[in-house]
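For reference, the structure discussed in these notes is given below.
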Amino acid sequence: MKGFAMLEIGKTGWIEKERPVCGPRDAIIRPLALSPCSSDVHTVWEGALGQKHNMILGHEGCGVVDEVGELVKDFKPGDRIMVAAITPDWSSLEAQAGFPMHSGGMLAGWKFSNIKDGVFGEYFHVNDADANLAHLPDSISPAEACMLSDMVPTGFHGVELADIKFGDTVLCIGIGPVGLMSVAGANLRGASQIIAVGTRPTCIEAAKFYGATDIVSYKDGDIVEQVLELTNGKGVDRVVIAGGNVDTFEVAVKALKAGGKIGNVNYLGSGEYIKIPRIEWGVGMGHKQIVGGLMPGGRLRLEKLAKLVEVGKLDVNPLLTHKFTGFEKVEDALYLMKDKPKDLIKPVVTL
Ligand code: NDP
Ligand code: ZN
């Protein structure tokens, strides 16, 4: 089969590979729609996961079941399915401890385009099919389903990590597709003021659509000063980090009230250390919590998030700014994600 791959750090190309083999609990999927992610860009061009040779890229997609193993109960060939970017081993001890994304080792629930071939192939393999696939509802298009693979669950996980509650004042750093879904998630959770940080006009418009009340540009001066001004000098209750870099944690701690929480879902592709400002961290006693997490994955979460789309409480279409048709367009879509033109939020390829 054909796949679009990372050949080595900094290099991509089309390769031929054997069709993946289906184990007793697994499924083999033919993609219906695919979307590249900023994480693919970190992986290829920053080498953030280390050297990889001829690894098929991609972890966002949906498709049709082509084959299932003999122990799979709820899916059969021909079923249209959704799948999350993170596909844990649900019988692992880590999953039993409540951290499926770390099943088999830290971040090892992230298998596609990390520890095995990703979804940008004519076929892709899904482990633990009954626990990691979900039926694609008729009312959700394949392009929309792609956003349920990663953008929605990751953005929403940032909201969970920051533990956003009714009436909270929230700072959302980054309004790319992930940050936009954090804004949407914060809004659904009942946040009051939502301050969103970003500069691209298309993203700003979408941030307002999803519930941002204020926009801050990190290019127009210090983020912390702007946030303090917008909150009468008080700072925010919660911060979600979905953009920036290792220095963004300093901003988040400074903008946060004592007792507040920071949820990070940004993939830190470079830099050795994260600095926490001693004074603003309450000289070590400010009860300012920082949690960074990979989203959990799994069928139940996928079905629940899809339900939000089905009933009309979440519209992912404003994310889909660039639409392509045909498998070979995956290459153009990935390069678009790398170059991030000003009007891009997310490219999607329908097959
Ligand atoms: P984008 O690059 O589209 O968005 C990044 C956002 O951060 C933009 O709004 C950008 O603003 C803003 N930004 C950039 N630099 C700064 C800065 N110095 N200070 C403040 N804001 C800044 O990324 P995505 O939304 O696609 O992804 C966000 C991150 O989430 C990525 O690192 C991605 O790899 C990661 N990710 C993590 C996952 C997980 O499970 N934890 C899964 C999927 C993705 P501007 O408007 O100027 O561009
Ligand atoms: Zn992704």
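Letters A, B, ... mark the chains of the structure tokens in the order given; residue numbers begin at 1 per chain; ligand numbers begin at 1, in order shown.
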Any idea what's packed within 12 Å of Pro88 in chain A, counting only C-alpha atoms, ignoring anything in its chain fewer than 5 positions away? Could you give it as a ChimeraX atom specification? /A:83,93-96,98-112,126-133,294-299
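Taking only C-alpha atoms and all ligand atoms into account, ligand 1 has within 6 Å the residues Cys37, Ser38, Ser39, Asp150, Thr154, Ile173, Gly174, Ile175, Gly176, Pro177, Val178, Gly179, Val197, Gly198, Thr199, Arg200, Tyr218, Ala242, Gly243, Gly244, Val265, Asn266, Tyr267, Gly293, Leu294 and Met295 of chain A.
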Need to verify the contact set: Val227 in chain A, 9 Å, only C-alpha atoms, exclusion of same-chain residues closer than 5 positions in sequence. Can you return it as a VMD selection string? chain A and resid 171 195 216 222 232 to 236 255
Those same residues, written as a PDB file, in the first residue's frame with N, CA, C and O atoms?
ATOM      1  N   LEU A 171      -7.873  32.337  30.870  1.00  0.00           N
ATOM      2  CA  LEU A 171      -6.930  32.792  29.849  1.00  0.00           C
ATOM      3  C   LEU A 171      -6.593  31.599  28.970  1.00  0.00           C
ATOM      4  O   LEU A 171      -6.183  30.546  29.478  1.00  0.00           O
ATOM      5  N   ILE A 195     -10.329  35.133  27.932  1.00  0.00           N
ATOM      6  CA  ILE A 195      -9.331  35.967  27.249  1.00  0.00           C
ATOM      7  C   ILE A 195      -8.491  35.047  26.374  1.00  0.00           C
ATOM      8  O   ILE A 195      -7.880  34.097  26.866  1.00  0.00           O
ATOM      9  N   VAL A 216      -6.113  39.079  23.157  1.00  0.00           N
ATOM     10  CA  VAL A 216      -4.824  39.690  23.491  1.00  0.00           C
ATOM     11  C   VAL A 216      -3.819  39.252  22.430  1.00  0.00           C
ATOM     12  O   VAL A 216      -3.766  38.074  22.077  1.00  0.00           O
ATOM     13  N   ASP A 222       3.472  42.883  26.509  1.00  0.00           N
ATOM     14  CA  ASP A 222       3.466  41.811  27.486  1.00  0.00           C
ATOM     15  C   ASP A 222       2.053  41.236  27.683  1.00  0.00           C
ATOM     16  O   ASP A 222       1.093  41.972  27.933  1.00  0.00           O
ATOM     17  N   ASN A 232      -8.869  43.935  36.018  1.00  0.00           N
ATOM     18  CA  ASN A 232      -8.714  44.896  37.122  1.00  0.00           C
ATOM     19  C   ASN A 232      -7.570  44.522  38.058  1.00  0.00           C
ATOM     20  O   ASN A 232      -7.711  44.604  39.285  1.00  0.00           O
ATOM     21  N   GLY A 233      -6.490  44.040  37.475  1.00  0.00           N
ATOM     22  CA  GLY A 233      -5.295  43.738  38.270  1.00  0.00           C
ATOM     23  C   GLY A 233      -5.357  42.417  39.019  1.00  0.00           C
ATOM     24  O   GLY A 233      -4.431  42.061  39.736  1.00  0.00           O
ATOM     25  N   LYS A 234      -6.459  41.673  38.856  1.00  0.00           N
ATOM     26  CA  LYS A 234      -6.640  40.459  39.664  1.00  0.00           C
ATOM     27  C   LYS A 234      -6.013  39.205  39.065  1.00  0.00           C
ATOM     28  O   LYS A 234      -5.686  38.254  39.768  1.00  0.00           O
ATOM     29  N   GLY A 235      -5.926  39.137  37.741  1.00  0.00           N
ATOM     30  CA  GLY A 235      -5.477  37.904  37.096  1.00  0.00           C
ATOM     31  C   GLY A 235      -6.647  36.957  36.872  1.00  0.00           C
ATOM     32  O   GLY A 235      -7.799  37.281  37.172  1.00  0.00           O
ATOM     33  N   VAL A 236      -6.337  35.776  36.352  1.00  0.00           N
ATOM     34  CA  VAL A 236      -7.407  34.830  35.976  1.00  0.00           C
ATOM     35  C   VAL A 236      -7.455  33.638  36.931  1.00  0.00           C
ATOM     36  O   VAL A 236      -6.496  33.343  37.638  1.00  0.00           O
ATOM     37  N   ALA A 255       0.015  35.367  35.284  1.00  0.00           N
ATOM     38  CA  ALA A 255      -1.353  35.847  35.012  1.00  0.00           C
ATOM     39  C   ALA A 255      -2.392  35.182  35.910  1.00  0.00           C
ATOM     40  O   ALA A 255      -3.556  35.584  35.935  1.00  0.00           O
TER      41      ALA A 255
END
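Each of A:Ile9, A:Val349, A:Ala162, A:Val65 was checked against Leu34 in chain A using only C-alpha atoms; the smallest atom-to-atom distance is that of A:Val349.
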So which one's closest to ligand 2, A:Gly118, A:Pro201, A:Gly10, A:Gly47? Using only C-alpha atoms and all ligand atoms, please. A:Gly118
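Residue nearest ligand 2, chosen from A:His42, A:Lys52, A:Lys304, A:Lys323 and counting only C-alpha atoms and all ligand atoms: A:His42.
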For the helix (DSSP H, G or I) assignment from backbone DSSP, which residues of range 67-296 of chain A qualify? Please present them as a PyMOL selection string. chain A and resi 93-96+100-102+129-132+142-147+151-162+177-188+201-210+223-230+248-255+282-284
For those residues, write C-alpha atoms to a file as a CSV table (one decimal), in the first residue's frame.
chain,number,residue,atom,x,y,z
A,93,LEU,CA,-2.2,-1.0,34.5
A,94,GLU,CA,-1.7,2.6,33.5
A,95,ALA,CA,-5.3,2.7,32.0
A,96,GLN,CA,-6.6,1.0,35.2
A,100,PRO,CA,-4.8,5.4,29.4
A,101,MET,CA,-2.7,7.8,27.4
A,102,HIS,CA,0.4,6.5,29.2
A,129,ALA,CA,-10.8,-1.9,18.3
A,130,ASP,CA,-13.8,-2.3,20.6
A,131,ALA,CA,-12.4,0.3,22.9
A,132,ASN,CA,-10.8,2.7,20.5
A,142,PRO,CA,-16.0,12.6,7.6
A,143,ALA,CA,-14.3,16.0,7.6
A,144,GLU,CA,-16.1,16.9,10.9
A,145,ALA,CA,-15.2,13.5,12.3
A,146,CYS,CA,-11.5,14.3,11.7
A,147,MET,CA,-11.8,17.2,14.2
A,151,MET,CA,-8.6,19.0,18.0
A,152,VAL,CA,-11.8,18.6,20.0
A,153,PRO,CA,-10.5,16.1,22.6
A,154,THR,CA,-7.2,17.8,23.0
A,155,GLY,CA,-8.6,21.3,23.4
A,156,PHE,CA,-11.2,20.0,25.8
A,157,HIS,CA,-8.6,18.1,27.8
A,158,GLY,CA,-6.9,21.4,28.4
A,159,VAL,CA,-10.1,22.6,29.9
A,160,GLU,CA,-10.3,19.5,32.1
A,161,LEU,CA,-6.7,19.9,33.2
A,162,ALA,CA,-7.4,23.5,34.2
A,177,PRO,CA,-7.4,24.8,16.2
A,178,VAL,CA,-6.5,23.2,19.6
A,179,GLY,CA,-6.8,26.5,21.5
A,180,LEU,CA,-10.1,27.3,19.7
A,181,MET,CA,-11.5,24.0,21.0
A,182,SER,CA,-10.2,25.0,24.5
A,183,VAL,CA,-12.2,28.3,24.1
A,184,ALA,CA,-15.2,26.3,23.0
A,185,GLY,CA,-14.8,23.8,25.9
A,186,ALA,CA,-14.3,26.6,28.5
A,187,ASN,CA,-17.5,28.2,27.2
A,188,LEU,CA,-19.5,25.0,27.4
A,201,PRO,CA,-7.4,37.4,12.1
A,202,THR,CA,-9.2,34.1,11.0
A,203,CYS,CA,-8.4,32.6,14.3
A,204,ILE,CA,-9.5,35.7,16.2
A,205,GLU,CA,-12.9,35.7,14.4
A,206,ALA,CA,-13.3,32.0,15.3
A,207,ALA,CA,-12.3,32.6,18.9
A,208,LYS,CA,-15.1,35.1,19.2
A,209,PHE,CA,-17.5,32.6,17.6
A,210,TYR,CA,-16.5,30.0,20.2
A,223,ILE,CA,0.6,39.3,27.7
A,224,VAL,CA,0.6,39.5,31.6
A,225,GLU,CA,0.2,43.3,31.6
A,226,GLN,CA,-2.7,43.0,29.1
A,227,VAL,CA,-4.4,40.3,31.1
A,228,LEU,CA,-4.0,42.2,34.4
A,229,GLU,CA,-5.5,45.3,32.7
A,230,LEU,CA,-8.5,43.2,31.5
A,248,THR,CA,4.8,30.5,28.1
A,249,PHE,CA,4.6,28.9,31.6
A,250,GLU,CA,6.1,32.0,33.1
A,251,VAL,CA,3.3,34.0,31.5
A,252,ALA,CA,0.7,31.6,32.7
A,253,VAL,CA,1.9,31.6,36.4
A,254,LYS,CA,2.2,35.4,36.4
A,255,ALA,CA,-1.4,35.8,35.0
A,282,GLY,CA,3.9,32.3,45.8
A,283,VAL,CA,7.6,31.6,46.7
A,284,GLY,CA,6.6,28.0,46.4
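Proximity to Ile115 in chain A was assessed for A:Gly326, A:Gly3, A:Pro341, A:Gly50 counting only C-alpha atoms; the smallest distance is recorded for A:Gly50.
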For Val21 in chain A, work out the shell of residues within 10 Å, counting only C-alpha atoms and skipping chain neighbours fewer than 4 positions away, then give it as a PyMOL selection string. chain A and resi 26-28+67+69+124-125
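A straight line drawn from CA of Gln193 in chain A to CA of Thr213 in chain A is 5.8 Å long.
Checking A:Glu60, A:Asp138, A:Asp163, A:Glu16 one by one against ligand 2, counting only C-alpha atoms and all ligand atoms, you find the shortest gap at A:Glu60.
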